[in-house]
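Peer 1: Mind looking over this structure? Questions follow.
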Amino acid sequence: MEGALSGVKVLELSNFLAAPMSTMFMADFGADVLKVEQPGKGDEVRYWGENRNGVGLYYKVLNRGKKSVTLDLRTPLGVEAVKRLAADVDLVVENYRTGTLEKWGIGYETLRAVNPGLVMMRITGYGQTGPYSDRPGFGTLAEAYAGYAHISGYPDDAPLLPGFGLADSTTGLMAAFLALVALNERRRSGRGQYVDLAIYETLLTLIGPHVVNYDQLGIVQQRAGSRLPFTAPRNTYRTRDGKWVTIGGSAQSAFINICETLGIPDLVRDPRFSDNRQRLRNVQALDDAIQAAVSRFGLAELLARSEERRCTMSPVNDVAQIMADPHIRSRENIRAVFDEELGCDLRMQDVVGKLSASPGAIRHPGPRLGQHNREILVERLGYSEATLAEAGITLDLPPAAEPPAL
């Protein structure tokens with residue numbers, strides 16, 4: 001089945017996490033994504049984190065469904081090839097430091113000259129404009145700069161950065177959305193355009209009400225562990241057998257249900273906890289009472305009570321629990337996909353969201369470096385093998401592994 005974005009052609013000039021994640025989402029729904037990588041080493045994500053037999057595993061997830069070609073964008077051949085490729089795509093996605101593509105001769109104005117309807121997604125640390133626009137930027141810096149780290153952690157302890165690429169990942173989501181917005185504008189008016197997206201900007205919007213609270217009330221939100229400043233209860237609690245659950249009671253009915261599930265119905269009638277604002281004023285006493293109740297139960301018993309009463313409670317899962325969870329299995333949130341480079345199935349997070357008429361799909365894990373050089377550079381663009389060999393571009397890779405026989 002063709003995906004909902006079938007026919008959308010994307011040229012990816014990017015590395016690392018944010019931009020490749022945006023094109024991953026598009027490839028999941030059928031977009032034709034061609035990824036340009038540096039000859040010899042490729043996207044540095046190939047060397048991030050864990051590997052199997054020297055093959056980077058996270059690259060396989062972020063670049064699933066894409067094709068890979070190798071071009072040095074600092075050379076005349078690389079510049080010429082990018083221009084020729086850009087002439088026949090809908091979208092270019094890039095995440096080089098502000099001004100880099102212009103320096104190489106493949107900036108937006110240059111590419112628009114060969115493709116007037118082109119949409120270009122430009123992802124940088126601090127954006128294309130402003131006094132910080134020439135600074136290098138990564139998601140880690142954005143998580144601090146946007147205010148996330150300041151409100152994460154426990155009072156009187158160090159600010160905490162997230163345990164995954166939060167700023168990059170949220171930027172990837174927003175970039176995919178904004179790219180489709182711009183493509184829809186082109187469909188509506190015929191106009192191409194570029195999108196200027198800084199890595200910190202999405203997270204700045206997502207972190208909550210503290211901007212308006214500061215503007216109107218002068219409040220500077222501080223670290224409060226797992227609590228929220230606008231609803232209670234909301235925290236993690238330890239069970240009798242040393243496991244953890246999270247409980248959230250943002251609605252009054254949910255709070256009443258929590259108290260009944262935990263066997264502490266008198267808490268509902270306590271004037272300190274009569275409504276959300278009172279609970280926020282007395283949050284330490286509330287958490288102490290809930291923790292005392294939770295500690296009377298083992299995890300399995302507590303989750304069974306929660307399920308029976310439809311309580312707003314969840315186990316704090318690690319990845320092993322996630323992989324074994326019957327609901328996640330039923331929803332097929334983890335998908336096994338054969339990888340021809342490693343010769344085995346890789347299990348990874350499946351496409352996000354389930355379209356009833358045109359669902360997405362993982363077509364294959366991230367490709368081998370330069371796997372599609374011959375198809376794109378020779379067969380599509382017409383470069384000779386001798387010209388590409390002189391530029392150090394490999395055409396023929398070792399034979400791919402075949403899926404095991406059923």
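Residues in the structure tokens are numbered from 1 in each chain, the chains being A, B, ... in the order shown, and ligands are numbered from 1 in the order shown.
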Which residues, written as a PDB file with C-alpha atoms, in the first residue's frame, have at least one atom at most 8 Å from region 206-221 of chain A, with only C-alpha atoms counted and residues fewer than 3 positions away on the same chain left out?
Peer 2:
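So out35.pdb came out as:
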```pdb
ATOM      1  CA  GLY A 147      14.415  26.602  30.317  1.00  0.00           C
ATOM      2  CA  TYR A 148      13.784  22.864  30.504  1.00  0.00           C
ATOM      3  CA  ILE A 151      12.761  23.220  36.116  1.00  0.00           C
ATOM      4  CA  THR A 202       9.620  23.932  20.121  1.00  0.00           C
ATOM      5  CA  LEU A 203      10.718  23.023  23.639  1.00  0.00           C
ATOM      6  CA  PRO A 229       3.122  23.394  39.683  1.00  0.00           C
TER       7      PRO A 229
END
```
Peer 1: Which residues come within 10 Å of Gln128 (chain A), counting only C-alpha atoms, excluding same-chain residues fewer than 5 positions away, as a ChimeraX atom specification?
Peer 2: /A:97-99,122-123,133-134,195-198
Peer 1: Just asking: which residues within region 63-293 of chain A are strand (DSSP E) according to DSSP, as an MDAnalysis selection string?
Peer 2: chainID A and resid 67:70 91:94 119:124 193:198 234:238 244:248
Peer 1: Mind dumping a table of every region 29-106 of chain A residue within 12 Å of region 164-172 of chain A, with the nearest atom pair and its distance in Å to one decimal, using only C-alpha atoms, sorted by chain and rising number, as JSON lines?
Peer 2:
```
{"residue": "A:Gly49", "atom": "CA", "partner": "A:Phe164", "partner_atom": "CA", "distance": 11.5}
{"residue": "A:Tyr58", "atom": "CA", "partner": "A:Gly165", "partner_atom": "CA", "distance": 11.9}
{"residue": "A:Leu62", "atom": "CA", "partner": "A:Ser169", "partner_atom": "CA", "distance": 10.4}
{"residue": "A:Val93", "atom": "CA", "partner": "A:Gly172", "partner_atom": "CA", "distance": 10.8}
{"residue": "A:Glu94", "atom": "CA", "partner": "A:Gly172", "partner_atom": "CA", "distance": 11.8}
{"residue": "A:Asn95", "atom": "CA", "partner": "A:Gly172", "partner_atom": "CA", "distance": 11.1}
```
Peer 1: How many Å separate CA of Ala391 (chain A) from CA of Gly107 (chain A)?
Peer 2: 22.3 Å
Peer 1: Give me the residues within 10 Å of Ala179 (chain A) as a short mmCIF file (atom, residue, chain, number, x, y, z; two decimals) with all heavy atoms, in the first residue's frame, counting only C-alpha atoms and dropping any in the same chain fewer than 3 places off.
Peer 2:
```cif
data_model
loop_
_atom_site.label_atom_id
_atom_site.label_comp_id
_atom_site.auth_asym_id
_atom_site.auth_seq_id
_atom_site.Cartn_x
_atom_site.Cartn_y
_atom_site.Cartn_z
N SER A 22 12.90 14.24 11.56
CA SER A 22 11.77 14.82 10.82
C SER A 22 11.53 14.06 9.52
O SER A 22 10.39 13.79 9.15
CB SER A 22 12.03 16.30 10.54
OG SER A 22 12.99 16.50 9.52
N THR A 23 12.59 13.72 8.81
CA THR A 23 12.42 12.98 7.55
C THR A 23 12.08 11.52 7.80
O THR A 23 11.47 10.88 6.94
CB THR A 23 13.69 13.11 6.69
OG1 THR A 23 14.84 12.70 7.44
CG2 THR A 23 13.88 14.53 6.22
N MET A 26 8.42 11.43 7.85
CA MET A 26 7.87 11.54 6.50
C MET A 26 8.05 10.25 5.71
O MET A 26 7.15 9.81 4.99
CB MET A 26 8.50 12.73 5.78
CG MET A 26 8.03 14.07 6.33
SD MET A 26 8.71 15.50 5.45
CE MET A 26 10.11 15.88 6.49
N ASP A 90 10.51 18.15 -3.77
CA ASP A 90 9.56 19.08 -3.17
C ASP A 90 10.16 19.80 -1.97
O ASP A 90 9.82 20.95 -1.70
CB ASP A 90 8.31 18.31 -2.71
CG ASP A 90 7.66 17.55 -3.85
OD1 ASP A 90 7.09 18.21 -4.73
OD2 ASP A 90 7.74 16.30 -3.85
N LEU A 91 11.04 19.09 -1.26
CA LEU A 91 11.52 19.58 0.03
C LEU A 91 12.99 19.26 0.20
O LEU A 91 13.43 18.14 -0.09
CB LEU A 91 10.71 18.92 1.15
CG LEU A 91 11.16 19.12 2.59
CD1 LEU A 91 10.94 20.57 3.03
CD2 LEU A 91 10.39 18.17 3.52
N VAL A 92 13.76 20.24 0.67
CA VAL A 92 15.13 20.01 1.12
C VAL A 92 15.16 20.25 2.62
O VAL A 92 14.63 21.25 3.11
CB VAL A 92 16.13 20.97 0.42
CG1 VAL A 92 17.51 20.86 1.06
CG2 VAL A 92 16.21 20.65 -1.07
N VAL A 93 15.76 19.33 3.35
CA VAL A 93 15.90 19.46 4.80
C VAL A 93 17.38 19.54 5.13
O VAL A 93 18.15 18.65 4.75
CB VAL A 93 15.26 18.28 5.54
CG1 VAL A 93 15.46 18.41 7.05
CG2 VAL A 93 13.77 18.18 5.21
N VAL A 119 10.53 23.96 -1.23
CA VAL A 119 10.43 24.24 0.20
C VAL A 119 11.72 23.74 0.84
O VAL A 119 12.16 22.62 0.58
CB VAL A 119 9.21 23.53 0.83
CG1 VAL A 119 9.23 23.64 2.35
CG2 VAL A 119 7.91 24.11 0.27
N MET A 120 12.32 24.60 1.68
CA MET A 120 13.54 24.21 2.39
C MET A 120 13.31 24.33 3.89
O MET A 120 12.91 25.39 4.38
CB MET A 120 14.74 25.05 1.97
CG MET A 120 16.02 24.69 2.76
SD MET A 120 17.47 25.66 2.30
CE MET A 120 18.09 24.68 0.93
N MET A 121 13.53 23.25 4.60
CA MET A 121 13.47 23.24 6.06
C MET A 121 14.89 23.46 6.59
O MET A 121 15.78 22.64 6.33
CB MET A 121 12.91 21.90 6.55
CG MET A 121 13.02 21.66 8.04
SD MET A 121 12.17 22.87 9.05
CE MET A 121 10.50 22.67 8.43
N ARG A 122 15.09 24.54 7.34
CA ARG A 122 16.41 24.90 7.85
C ARG A 122 16.39 24.80 9.38
O ARG A 122 15.74 25.61 10.06
CB ARG A 122 16.80 26.30 7.39
CG ARG A 122 16.53 26.56 5.92
CD ARG A 122 17.35 27.68 5.36
NE ARG A 122 18.75 27.27 5.20
CZ ARG A 122 19.67 28.01 4.56
NH1 ARG A 122 19.33 29.19 4.05
NH2 ARG A 122 20.91 27.59 4.44
N MET A 174 8.24 18.92 15.11
CA MET A 174 7.77 20.21 14.62
C MET A 174 8.24 20.45 13.19
O MET A 174 7.49 21.01 12.37
CB MET A 174 8.28 21.32 15.54
CG MET A 174 7.83 22.72 15.13
SD MET A 174 6.03 22.91 15.01
CE MET A 174 5.57 22.83 16.74
N ALA A 175 9.46 20.02 12.87
CA ALA A 175 9.96 20.21 11.51
C ALA A 175 9.11 19.44 10.50
O ALA A 175 8.81 19.95 9.40
CB ALA A 175 11.42 19.78 11.42
N ALA A 176 8.72 18.22 10.84
CA ALA A 176 7.86 17.45 9.94
C ALA A 176 6.53 18.15 9.74
O ALA A 176 6.02 18.26 8.61
CB ALA A 176 7.65 16.04 10.49
N ALA A 182 4.19 24.05 4.93
CA ALA A 182 4.74 24.80 3.79
C ALA A 182 4.39 24.13 2.46
O ALA A 182 4.12 24.81 1.46
CB ALA A 182 6.26 24.93 3.94
N LEU A 183 4.40 22.80 2.44
CA LEU A 183 4.02 22.10 1.21
C LEU A 183 2.55 22.32 0.89
O LEU A 183 2.17 22.41 -0.29
CB LEU A 183 4.34 20.61 1.33
CG LEU A 183 5.82 20.25 1.30
CD1 LEU A 183 6.02 18.77 1.62
CD2 LEU A 183 6.44 20.59 -0.06
N ASN A 184 1.72 22.40 1.90
CA ASN A 184 0.31 22.68 1.65
C ASN A 184 0.12 24.11 1.14
O ASN A 184 -0.73 24.35 0.26
CB ASN A 184 -0.51 22.48 2.92
CG ASN A 184 -2.01 22.55 2.65
OD1 ASN A 184 -2.55 21.71 1.93
ND2 ASN A 184 -2.67 23.57 3.19
N GLU A 185 0.92 25.04 1.64
CA GLU A 185 0.85 26.41 1.11
C GLU A 185 1.26 26.44 -0.36
O GLU A 185 0.66 27.17 -1.16
CB GLU A 185 1.75 27.33 1.94
CG GLU A 185 2.01 28.70 1.34
CD GLU A 185 0.76 29.54 1.17
OE1 GLU A 185 -0.29 29.23 1.78
OE2 GLU A 185 0.81 30.53 0.40
N GLN A 193 8.97 28.22 -0.24
CA GLN A 193 9.50 29.07 0.83
C GLN A 193 10.49 28.27 1.65
O GLN A 193 10.60 27.05 1.51
CB GLN A 193 8.38 29.60 1.72
CG GLN A 193 7.57 28.50 2.43
CD GLN A 193 6.42 29.08 3.22
OE1 GLN A 193 6.59 29.94 4.08
NE2 GLN A 193 5.20 28.61 2.91
N TYR A 194 11.20 28.97 2.54
CA TYR A 194 12.03 28.25 3.51
C TYR A 194 11.43 28.39 4.89
O TYR A 194 10.72 29.36 5.19
CB TYR A 194 13.49 28.73 3.48
CG TYR A 194 13.75 30.11 4.03
CD1 TYR A 194 13.98 30.30 5.39
CD2 TYR A 194 13.80 31.21 3.19
CE1 TYR A 194 14.22 31.56 5.90
CE2 TYR A 194 14.05 32.48 3.68
CZ TYR A 194 14.26 32.65 5.05
OH TYR A 194 14.51 33.90 5.55
N VAL A 195 11.69 27.42 5.73
CA VAL A 195 11.23 27.40 7.11
C VAL A 195 12.46 27.52 8.00
O VAL A 195 13.38 26.71 7.90
CB VAL A 195 10.45 26.11 7.44
CG1 VAL A 195 9.97 26.14 8.89
CG2 VAL A 195 9.29 25.92 6.48
#
```
Peer 1: For the structure I just gave you, how does DSSP split region 87-218 of chain A - specifically, which residues are alpha helix (DSSP H)? Reply as a VMD selection string.
Peer 2: chain A and resid 100 to 104 108 to 114 139 to 145 166 to 189 199 to 206 210 to 217
Peer 1: Please tabulate, as a tab-separated table, the residues of region 16-47 of chain A that come within 10 Å of region 366-378 of chain A, each with its closest pair of atoms and the distance in Å to one decimal, counting only C-alpha atoms and ordering rows by chain, then residue number upward.
Peer 2:
```
residue	atom	partner	partner_atom	distance
A:Met24	CA	A:Gly366	CA	9.6
A:Leu34	CA	A:His372	CA	8.9
A:Lys35	CA	A:Gly370	CA	9.2
A:Val36	CA	A:Gly370	CA	8.5
A:Glu37	CA	A:Leu369	CA	7.5
A:Gln38	CA	A:Leu369	CA	9.0
A:Pro39	CA	A:Gly370	CA	7.8
A:Gly40	CA	A:Leu369	CA	8.1
A:Lys41	CA	A:Leu369	CA	7.9
A:Gly42	CA	A:Leu369	CA	6.3
A:Asp43	CA	A:Leu369	CA	8.7
A:Arg46	CA	A:Leu369	CA	9.2
```
Peer 1: Skipping near chain neighbours, those fewer than 4 positions away, what residues fall within 8 Å of Ala293 (chain A) using only C-alpha atoms, listed as a PDB file with C-alpha atoms, in the first residue's frame?
Peer 2:
```pdb
ATOM      1  CA  LEU A 262      -5.450   3.219  47.789  1.00  0.00           C
ATOM      2  CA  GLY A 263      -7.879   2.665  50.650  1.00  0.00           C
ATOM      3  CA  ILE A 264      -7.655   6.233  51.978  1.00  0.00           C
ATOM      4  CA  ALA A 289      -0.189  10.310  52.663  1.00  0.00           C
ATOM      5  CA  PHE A 297       0.932  -2.808  48.342  1.00  0.00           C
TER       6      PHE A 297
END
```
Peer 1: Identify, on the basis of only C-alpha atoms, every residue whose closest approach to region 325-331 of chain A does not exceed 12 Å; exclude the query and any residue fewer than 3 positions from it along the same chain; express the result as a ChimeraX atom specification.
Peer 2: /A:315,317-322,334-336,347,349-354
Peer 1: Take the selection from the previous step and output its residues with C-alpha atoms, as a PDB file, in the first residue's frame.
Peer 2:
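Writing the result to result_4.pdb gives the following:
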```pdb
ATOM      1  CA  PRO A 315       3.889   1.426  36.392  1.00  0.00           C
ATOM      2  CA  ASN A 317       8.358   0.856  33.028  1.00  0.00           C
ATOM      3  CA  ASP A 318      11.893   0.147  31.934  1.00  0.00           C
ATOM      4  CA  VAL A 319      12.494  -0.929  28.354  1.00  0.00           C
ATOM      5  CA  ALA A 320      12.347  -4.649  29.224  1.00  0.00           C
ATOM      6  CA  GLN A 321       8.875  -4.146  30.690  1.00  0.00           C
ATOM      7  CA  ILE A 322       7.863  -2.122  27.637  1.00  0.00           C
ATOM      8  CA  ILE A 334       7.370  -2.312  18.470  1.00  0.00           C
ATOM      9  CA  ARG A 335       8.083  -3.672  15.004  1.00  0.00           C
ATOM     10  CA  ALA A 336      10.650  -6.223  13.798  1.00  0.00           C
ATOM     11  CA  ARG A 347      13.056  -4.440  16.698  1.00  0.00           C
ATOM     12  CA  GLN A 349       9.502   1.663  17.677  1.00  0.00           C
ATOM     13  CA  ASP A 350       6.858   1.398  14.971  1.00  0.00           C
ATOM     14  CA  VAL A 351       5.254   4.245  13.036  1.00  0.00           C
ATOM     15  CA  VAL A 352       3.531   6.714  15.370  1.00  0.00           C
ATOM     16  CA  GLY A 353      -0.221   6.853  14.825  1.00  0.00           C
ATOM     17  CA  LYS A 354      -2.529   4.547  12.916  1.00  0.00           C
TER      18      LYS A 354
END
```
Peer 1: Just the residues within 8 Å of Gly105 (chain A), please, counting only C-alpha atoms, with nothing from its chain fewer than 4 positions along; format it as a PyMOL selection string.
Peer 2: chain A and resi 79+101+110
Peer 1: Export, as an mmCIF file, in the first residue's frame, the selected residues with N, CA, C and O atoms.
Peer 2:
```cif
data_model
loop_
_atom_site.group_PDB
_atom_site.id
_atom_site.type_symbol
_atom_site.label_atom_id
_atom_site.label_comp_id
_atom_site.auth_asym_id
_atom_site.auth_seq_id
_atom_site.Cartn_x
_atom_site.Cartn_y
_atom_site.Cartn_z
ATOM 1 N N VAL A 79 28.389 20.010 -5.173
ATOM 2 C CA VAL A 79 27.496 21.152 -5.368
ATOM 3 C C VAL A 79 26.630 20.944 -6.612
ATOM 4 O O VAL A 79 25.409 21.163 -6.584
ATOM 5 N N LEU A 101 25.570 26.429 4.026
ATOM 6 C CA LEU A 101 25.184 26.065 2.658
ATOM 7 C C LEU A 101 25.420 27.220 1.685
ATOM 8 O O LEU A 101 25.790 26.984 0.528
ATOM 9 N N THR A 110 19.998 29.909 -4.116
ATOM 10 C CA THR A 110 20.599 29.187 -5.237
ATOM 11 C C THR A 110 19.724 28.024 -5.673
ATOM 12 O O THR A 110 19.480 27.815 -6.872
#
```
Peer 1: Provide the CA of Ala113 (chain A) to CA of Arg74 (chain A) distance in Å, to one decimal place.
Peer 2: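 So the answer is 19.6 Å.
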